[in-house]
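Chemist: Mind looking over this structure? Questions follow.
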Amino acid sequence: MSQVVGSRVSRPDGAIALRVGDPTATPKEAAVMAERRDKIERLRSSGSEPFAKSFPDRTDTASLQEGELEDGSTLRVAGRLVGRRHHGQIVFMDVRDGSGEVQVLCLRDELDLENYARIADIDVGDIIGVEGEVTTSKRGERLVKARSLTILGKALLMPPQRGAEQKGWRSDRRELDVIAGDSNRAMLRTRSALNAFLRRWFDTQDFIEVDTPVLLPLASGAAARPFVTEGHALGSNLYMRIAIEQSLKRWTIGGFEQVYELGRCFRNEGMSKRHHFEFTMLEWMKGYTDYQDTMDIVEEVVSSAAEEVIGKLQFERGDKVFDLSRPWRRTTVREAILQKTGADVMSADRGELVRMLGVKHSDTNWSELVAAVYGKLVEPTILQPTFVTDFPGDLFPLAKRRPDTPELAESFEAVIAGVEIATGITSQNDVDEQRTRFAEQQARAKQTRNSSEGLSSLDEDFLRTLAHGMMPATGAGLGLDRVLMLLMERSLLRDVIPFPTLQGESANGVRP
């Protein structure tokens, strides 16, 4: 068991505090922290507080670099010190804020003794404030000639070096990845821009953004293992939502014809290049439409997002290129499997489907076998944007069945470069039919791992709500993380999730 080691230190107000060491620090880190804590004490003893409350009236570095200020103008900038160089009595400091980076020029003749001495107490990683005047170097670079320096937030640990990302350095802490390189900074900005665009697009189409519960009394909406927690005040379990659609239907039943939510979902299942425990979905319901209409929405919103947020429609995926230009290809899952394998799943027996999967036997039903054949042999081969429609009905218990083929649901998946980015259905609004589908789902769940994980009871509350009557409508969900992964030409889903849950990391948070 680690022991907490501490020492008593004096504070400026005369109080005595216990300085507690970090039990997770390596010996090298502990030495750095001790040295920097000594500087903190020295600053405080001289009347300077190294953890400021504010630094008002500052100018962002982007404004400076864009030439909005003339040479000789006085300004204040603030940010993280990411680099420094000494040339005799001249010190160059590189300060980065949220908009960019600026070089600060510290001249011995331009600073008073107190400010020049403060340079010794400033370390790379510190958040500092600089007041000075704008100047331009002989190379045409915009600089800030410092008149005063203020430590706004002392860093005890050394941050990753600039450019470390290009050398293969990565951390399980996204905030450190942002310091190490620009790609994660670009990802976060692009993610924000994509979120804003999607909200703006749906708002202009007269959709209403709504909120739905994240904690639910039953796990519902998709066949996935949920995260379970205990509601102490209720004396019962609660389940983190695995999908938003079923809750959105309640708004539709209430009379809202077009609603959407951009929010987190959670599935307690495996992690891979394309899967993560928590992920962001944009889900919507639109009244008086069917799944064919909803495919038009997916096609338009993704193509428009690519044009506005990224500025192009063609993207690389490995050594191949896909094009988001409309219209997108549409095919049925039956046609897609037939074209790829020569087998017609509507007439193939279970044994043939099992052999197509390359296994000796399987206890799964026909619907799950068709989904497995499609997922293994077809979906990974789809490069250009494609809508694959009319999946087996058991896979979509909330969907209407096709009138001409009851075994199939009015459903679709949108696939790009082997990645499913969206699903949609014509929503079931017949409460008796919905009860039947739920009962069938429950029966199947009793034979799987989900039987004790929230699917052991029918959602009677939802069925009672549906009994009040619901307009014809479609429901769809767009996986924001997967869309962003494709638009930013990343290979791993975790690379576009702000704070991913990572596996196999070392204790100090650094991975190769």
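In the structure tokens, chains take letters A, B, ... by order of appearance, with residues numbered from 1 within each chain and ligands from 1 in the order shown.
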Taking the chain letters and numbering used in this document, name the residues of segment 72-149 of chain A that DSSP puts in helix (DSSP H, G or I), as a PyMOL selection string.

Modeler: chain A and resi 113-121

Chemist: With all heavy atoms kept, could you save the residues just selected as a tab-separated table (two decimals), in the first residue's frame?

Modeler:
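This is the output file selection.tsv:
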```tsv
chain	number	residue	atom	x	y	z
A	113	LEU	N	14.07	44.77	-13.06
A	113	LEU	CA	14.76	43.67	-12.39
A	113	LEU	C	13.81	42.59	-11.92
A	113	LEU	O	14.10	41.39	-12.03
A	113	LEU	CB	15.58	44.22	-11.20
A	113	LEU	CG	16.81	45.05	-11.55
A	113	LEU	CD1	17.43	45.62	-10.29
A	113	LEU	CD2	17.83	44.19	-12.31
A	114	GLU	N	12.65	43.00	-11.38
A	114	GLU	CA	11.70	42.03	-10.85
A	114	GLU	C	11.17	41.11	-11.94
A	114	GLU	O	11.11	39.89	-11.78
A	114	GLU	CB	10.54	42.75	-10.16
A	114	GLU	CG	9.50	41.80	-9.57
A	114	GLU	CD	8.35	42.55	-8.91
A	114	GLU	OE1	8.42	43.80	-8.81
A	114	GLU	OE2	7.39	41.87	-8.50
A	115	ASN	N	10.78	41.69	-13.09
A	115	ASN	CA	10.23	40.87	-14.17
A	115	ASN	C	11.30	40.02	-14.83
A	115	ASN	O	11.04	38.89	-15.23
A	115	ASN	CB	9.55	41.77	-15.21
A	115	ASN	CG	8.14	42.14	-14.82
A	115	ASN	OD1	7.22	41.33	-14.94
A	115	ASN	ND2	7.95	43.37	-14.33
A	116	TYR	N	12.51	40.56	-14.95
A	116	TYR	CA	13.57	39.76	-15.56
A	116	TYR	C	13.94	38.59	-14.65
A	116	TYR	O	14.21	37.48	-15.11
A	116	TYR	CB	14.81	40.62	-15.83
A	116	TYR	CG	15.82	39.93	-16.70
A	116	TYR	CD1	15.61	39.81	-18.07
A	116	TYR	CD2	16.98	39.37	-16.15
A	116	TYR	CE1	16.54	39.15	-18.87
A	116	TYR	CE2	17.91	38.71	-16.93
A	116	TYR	CZ	17.68	38.61	-18.30
A	116	TYR	OH	18.60	37.97	-19.09
A	117	ALA	N	13.94	38.83	-13.35
A	117	ALA	CA	14.23	37.76	-12.40
A	117	ALA	C	13.15	36.69	-12.41
A	117	ALA	O	13.42	35.51	-12.13
A	117	ALA	CB	14.39	38.34	-10.99
A	118	ARG	N	11.92	37.09	-12.73
A	118	ARG	CA	10.81	36.13	-12.73
A	118	ARG	C	10.99	35.07	-13.81
A	118	ARG	O	10.42	33.97	-13.71
A	118	ARG	CB	9.49	36.87	-12.92
A	118	ARG	CG	8.25	35.99	-12.77
A	118	ARG	CD	7.00	36.82	-12.64
A	118	ARG	NE	7.01	37.54	-11.37
A	118	ARG	CZ	6.67	38.83	-11.23
A	118	ARG	NH1	6.31	39.52	-12.29
A	118	ARG	NH2	6.70	39.41	-10.05
A	119	ILE	N	11.76	35.36	-14.84
A	119	ILE	CA	11.98	34.38	-15.90
A	119	ILE	C	12.53	33.08	-15.33
A	119	ILE	O	12.21	31.98	-15.79
A	119	ILE	CB	12.93	34.96	-16.96
A	119	ILE	CG1	12.26	36.14	-17.68
A	119	ILE	CG2	13.34	33.90	-17.98
A	119	ILE	CD1	13.16	36.86	-18.66
A	120	ALA	N	13.37	33.18	-14.30
A	120	ALA	CA	13.98	31.98	-13.70
A	120	ALA	C	12.96	31.09	-13.04
A	120	ALA	O	13.20	29.88	-12.86
A	120	ALA	CB	15.05	32.40	-12.69
A	121	ASP	N	11.81	31.67	-12.64
A	121	ASP	CA	10.77	30.89	-11.97
A	121	ASP	C	9.71	30.39	-12.93
A	121	ASP	O	8.76	29.72	-12.51
A	121	ASP	CB	10.11	31.73	-10.87
A	121	ASP	CG	11.05	32.00	-9.70
A	121	ASP	OD1	11.80	31.07	-9.34
A	121	ASP	OD2	11.03	33.13	-9.17
```

Chemist: Leaving out Ile382 of chain A and any residue of its chain fewer than 3 positions from it, which residues lie within 10 Å of it when counting only C-alpha atoms, given as JSON, numbers by chain?

Modeler: {"A": [322, 336, 377, 378, 379, 385, 386, 415, 416, 417, 418, 419, 420]}

Chemist: Figure out the distance between atom CA of Pro327 of chain A and atom CA of Trp284 of chain A, please, to one decimal in Å.

Modeler: 21.4 Å

Chemist: Given only C-alpha atoms as the basis, pick out the residue of A:Glu307, A:Glu410, A:Glu131, A:Glu269 nearest to Val104 of chain A.

Modeler: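 Between A:Glu307, A:Glu410, A:Glu131, A:Glu269, the residue approaching Val104 of chain A most closely is A:Glu131.
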
Chemist: Which one of A:Thr59, A:Ser427, A:Asn195, A:Gln384 sits closest to Val301 of chain A if you count only C-alpha atoms?

Modeler: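 Comparing A:Thr59, A:Ser427, A:Asn195, A:Gln384 against Val301 of chain A, the winner is A:Asn195.
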
Chemist: Set the distance at 12 Å and use only C-alpha atoms: which residues neighbour Thr204 of chain A once local chain neighbours fewer than 5 positions away are removed? I'd like the list as a short mmCIF file (atom, residue, chain, number, x, y, z; two decimals) with all heavy atoms, in the first residue's frame.

Modeler:
```
data_model
loop_
_atom_site.label_atom_id
_atom_site.label_comp_id
_atom_site.auth_asym_id
_atom_site.auth_seq_id
_atom_site.Cartn_x
_atom_site.Cartn_y
_atom_site.Cartn_z
N PHE A 197 -23.22 22.16 -36.98
CA PHE A 197 -23.87 22.05 -38.29
C PHE A 197 -25.11 21.17 -38.22
O PHE A 197 -26.17 21.52 -38.77
CB PHE A 197 -22.92 21.48 -39.34
CG PHE A 197 -23.61 21.15 -40.63
CD1 PHE A 197 -23.84 22.15 -41.57
CD2 PHE A 197 -24.07 19.86 -40.89
CE1 PHE A 197 -24.52 21.86 -42.75
CE2 PHE A 197 -24.74 19.57 -42.07
CZ PHE A 197 -24.96 20.58 -43.00
N LEU A 198 -25.01 20.01 -37.55
CA LEU A 198 -26.14 19.10 -37.49
C LEU A 198 -27.33 19.74 -36.78
O LEU A 198 -28.47 19.63 -37.23
CB LEU A 198 -25.73 17.81 -36.77
CG LEU A 198 -24.70 16.94 -37.51
CD1 LEU A 198 -24.25 15.78 -36.64
CD2 LEU A 198 -25.28 16.42 -38.82
N ARG A 199 -27.06 20.42 -35.68
CA ARG A 199 -28.14 21.11 -34.98
C ARG A 199 -28.77 22.17 -35.89
O ARG A 199 -29.99 22.31 -35.96
CB ARG A 199 -27.63 21.75 -33.69
CG ARG A 199 -27.42 20.78 -32.55
CD ARG A 199 -27.22 21.51 -31.23
NE ARG A 199 -27.35 20.60 -30.11
CZ ARG A 199 -26.33 19.99 -29.51
NH1 ARG A 199 -25.10 20.19 -29.95
NH2 ARG A 199 -26.55 19.19 -28.48
N GLU A 209 -35.32 20.25 -31.02
CA GLU A 209 -34.37 19.49 -30.21
C GLU A 209 -34.98 19.23 -28.84
O GLU A 209 -35.47 20.16 -28.18
CB GLU A 209 -33.05 20.23 -30.06
CG GLU A 209 -32.01 19.43 -29.29
CD GLU A 209 -30.64 20.09 -29.22
OE1 GLU A 209 -30.55 21.29 -29.59
OE2 GLU A 209 -29.69 19.43 -28.80
N GLN A 258 -41.77 16.42 -35.50
CA GLN A 258 -40.36 16.33 -35.90
C GLN A 258 -39.48 16.67 -34.70
O GLN A 258 -39.43 17.82 -34.27
CB GLN A 258 -40.06 17.30 -37.06
CG GLN A 258 -40.85 16.99 -38.31
CD GLN A 258 -40.40 17.83 -39.51
OE1 GLN A 258 -40.61 17.45 -40.65
NE2 GLN A 258 -39.78 18.97 -39.27
N VAL A 301 -27.97 15.16 -45.20
CA VAL A 301 -27.31 15.77 -44.06
C VAL A 301 -25.83 15.39 -44.00
O VAL A 301 -24.98 16.23 -43.67
CB VAL A 301 -28.03 15.40 -42.74
CG1 VAL A 301 -27.77 13.97 -42.32
CG2 VAL A 301 -27.61 16.34 -41.62
#
```

Chemist: Please provide as a list in words all residues within 8 Å of Ser220 of chain A, with the sequence filter that same-chain residues fewer than 2 positions apart are discarded (counting only C-alpha atoms).

Modeler: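 Result of the neighbour search: Leu218, Ala222, Ala223, Arg241, Ile242, Ala243, Gln246, Gly454, Leu455 and Asp459 of chain A.
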
Chemist: Identify which of the residues A:Ser325, A:Ser272, A:Thr212, A:Ser46 lies closest to Ala305 of chain A, counting only C-alpha atoms when measuring atom-to-atom distances.

Modeler: A:Ser325

Chemist: At what distance in Å, to one decimal, does atom CA of Arg96 of chain A lie from atom CA of Ala31 of chain A?

Modeler: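 So the answer is 25.8 Å.
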
Chemist: To one decimal place, how far is atom CA of Val91 of chain A from atom CA of Asn184 of chain A in Å?

Modeler: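 So the two atoms, atom CA of Val91 of chain A and atom CA of Asn184 of chain A, lie 29.4 Å apart.
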
Chemist: May I have the residues within 12 Å of Val370 of chain A as a ChimeraX atom specification, using only C-alpha atoms and disregarding those fewer than 3 positions away in the same chain?

Modeler: /A:333-334,336-338,343-357,364-367,373-378,390-395,407-408

Chemist: Would you output that residue set with C-alpha atoms, as a tab-separated table (two decimals), in the first residue's frame?

Modeler:
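Generated output (result.tsv):
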```
chain	number	residue	atom	x	y	z
A	333	VAL	CA	-29.71	-7.00	-48.00
A	334	ARG	CA	-31.00	-9.92	-50.08
A	336	ALA	CA	-26.29	-7.51	-51.64
A	337	ILE	CA	-25.69	-11.05	-50.31
A	338	LEU	CA	-26.81	-12.62	-53.58
A	343	ALA	CA	-26.91	-17.39	-52.38
A	344	ASP	CA	-30.49	-16.22	-51.95
A	345	VAL	CA	-31.05	-15.85	-48.21
A	346	MET	CA	-34.81	-15.95	-48.67
A	347	SER	CA	-34.61	-19.56	-49.85
A	348	ALA	CA	-31.35	-20.74	-48.27
A	349	ASP	CA	-31.70	-23.11	-45.32
A	350	ARG	CA	-29.91	-22.63	-42.02
A	351	GLY	CA	-27.23	-25.15	-42.91
A	352	GLU	CA	-26.23	-23.22	-46.04
A	353	LEU	CA	-26.02	-19.96	-44.09
A	354	VAL	CA	-23.90	-21.60	-41.40
A	355	ARG	CA	-21.50	-22.97	-44.02
A	356	MET	CA	-21.22	-19.49	-45.57
A	357	LEU	CA	-19.97	-18.25	-42.20
A	364	THR	CA	-28.82	-18.66	-33.83
A	365	ASN	CA	-32.04	-18.16	-35.76
A	366	TRP	CA	-32.44	-17.33	-39.45
A	367	SER	CA	-32.50	-13.56	-38.91
A	373	VAL	CA	-23.45	-13.34	-43.30
A	374	TYR	CA	-24.06	-9.73	-44.29
A	375	GLY	CA	-21.76	-8.41	-41.55
A	376	LYS	CA	-18.91	-10.79	-42.40
A	377	LEU	CA	-19.06	-11.06	-46.19
A	378	VAL	CA	-20.82	-7.96	-47.50
A	390	ASP	CA	-35.07	-4.62	-45.74
A	391	PHE	CA	-33.29	-6.61	-43.04
A	392	PRO	CA	-34.93	-9.58	-41.27
A	393	GLY	CA	-37.71	-8.29	-39.04
A	394	ASP	CA	-36.43	-9.90	-35.83
A	395	LEU	CA	-33.44	-7.54	-35.93
A	407	GLU	CA	-40.18	-11.78	-42.66
A	408	LEU	CA	-38.49	-8.47	-43.43
```

Chemist: Tell me which of A:Ile297, A:Leu176, A:Leu105, A:Leu75 sits closest to Gly125 of chain A, counting only C-alpha atoms.

Modeler: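 The shortest atom-to-atom distance to Gly125 of chain A comes from A:Leu176.
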
Chemist: Using only C-alpha atoms, which protein or nucleic acid residues come within 7 Å of Gln89 of chain A? Drop anything in the same chain fewer than 2 positions from it, and give the result as a ChimeraX atom specification.

Modeler: /A:87,91,107-108

Chemist: If you run DSSP over the backbone, which residues in segment 223-262 of chain A end up strand (DSSP E)? Put them as an MDAnalysis selection string.

Modeler: chainID A and resid 228:231 236:240 258:262

Chemist: Given the selection you just returned, output its residues as a file containing N, CA and C atoms, formatted as a PDB file, in the first residue's frame.

Modeler:
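Result file out_17.pdb:
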```
ATOM      1  N   VAL A 228     -25.480  -1.074 -15.839  1.00  0.00           N
ATOM      2  CA  VAL A 228     -26.493  -1.128 -14.789  1.00  0.00           C
ATOM      3  C   VAL A 228     -25.976  -0.408 -13.559  1.00  0.00           C
ATOM      4  N   THR A 229     -26.842   0.385 -12.942  1.00  0.00           N
ATOM      5  CA  THR A 229     -26.503   1.039 -11.691  1.00  0.00           C
ATOM      6  C   THR A 229     -27.693   0.913 -10.751  1.00  0.00           C
ATOM      7  N   GLU A 230     -27.455   1.178  -9.494  1.00  0.00           N
ATOM      8  CA  GLU A 230     -28.522   1.055  -8.506  1.00  0.00           C
ATOM      9  C   GLU A 230     -29.081   2.423  -8.167  1.00  0.00           C
ATOM     10  N   GLY A 231     -30.390   2.565  -8.318  1.00  0.00           N
ATOM     11  CA  GLY A 231     -31.051   3.783  -7.887  1.00  0.00           C
ATOM     12  C   GLY A 231     -31.400   3.663  -6.411  1.00  0.00           C
ATOM     13  N   SER A 236     -34.147   0.082  -6.698  1.00  0.00           N
ATOM     14  CA  SER A 236     -34.167  -0.781  -7.881  1.00  0.00           C
ATOM     15  C   SER A 236     -33.044  -0.374  -8.823  1.00  0.00           C
ATOM     16  N   ASN A 237     -32.785  -1.229  -9.802  1.00  0.00           N
ATOM     17  CA  ASN A 237     -31.743  -0.936 -10.780  1.00  0.00           C
ATOM     18  C   ASN A 237     -32.211   0.070 -11.824  1.00  0.00           C
ATOM     19  N   LEU A 238     -31.253   0.812 -12.364  1.00  0.00           N
ATOM     20  CA  LEU A 238     -31.483   1.684 -13.508  1.00  0.00           C
ATOM     21  C   LEU A 238     -30.475   1.317 -14.583  1.00  0.00           C
ATOM     22  N   TYR A 239     -30.860   1.549 -15.832  1.00  0.00           N
ATOM     23  CA  TYR A 239     -30.033   1.156 -16.967  1.00  0.00           C
ATOM     24  C   TYR A 239     -29.682   2.390 -17.798  1.00  0.00           C
ATOM     25  N   MET A 240     -28.412   2.551 -18.115  1.00  0.00           N
ATOM     26  CA  MET A 240     -28.000   3.648 -18.980  1.00  0.00           C
ATOM     27  C   MET A 240     -28.473   3.334 -20.395  1.00  0.00           C
ATOM     28  N   GLN A 258     -41.767  16.423 -35.503  1.00  0.00           N
ATOM     29  CA  GLN A 258     -40.363  16.334 -35.901  1.00  0.00           C
ATOM     30  C   GLN A 258     -39.481  16.671 -34.702  1.00  0.00           C
ATOM     31  N   VAL A 259     -38.803  15.662 -34.159  1.00  0.00           N
ATOM     32  CA  VAL A 259     -37.954  15.874 -32.982  1.00  0.00           C
ATOM     33  C   VAL A 259     -36.608  15.196 -33.204  1.00  0.00           C
ATOM     34  N   TYR A 260     -35.580  15.712 -32.502  1.00  0.00           N
ATOM     35  CA  TYR A 260     -34.268  15.080 -32.567  1.00  0.00           C
ATOM     36  C   TYR A 260     -33.532  15.307 -31.256  1.00  0.00           C
ATOM     37  N   GLU A 261     -32.529  14.459 -31.022  1.00  0.00           N
ATOM     38  CA  GLU A 261     -31.643  14.634 -29.882  1.00  0.00           C
ATOM     39  C   GLU A 261     -30.232  14.237 -30.292  1.00  0.00           C
ATOM     40  N   LEU A 262     -29.275  15.025 -29.871  1.00  0.00           N
ATOM     41  CA  LEU A 262     -27.855  14.732 -30.059  1.00  0.00           C
ATOM     42  C   LEU A 262     -27.316  14.406 -28.680  1.00  0.00           C
TER      43      LEU A 262
END
```
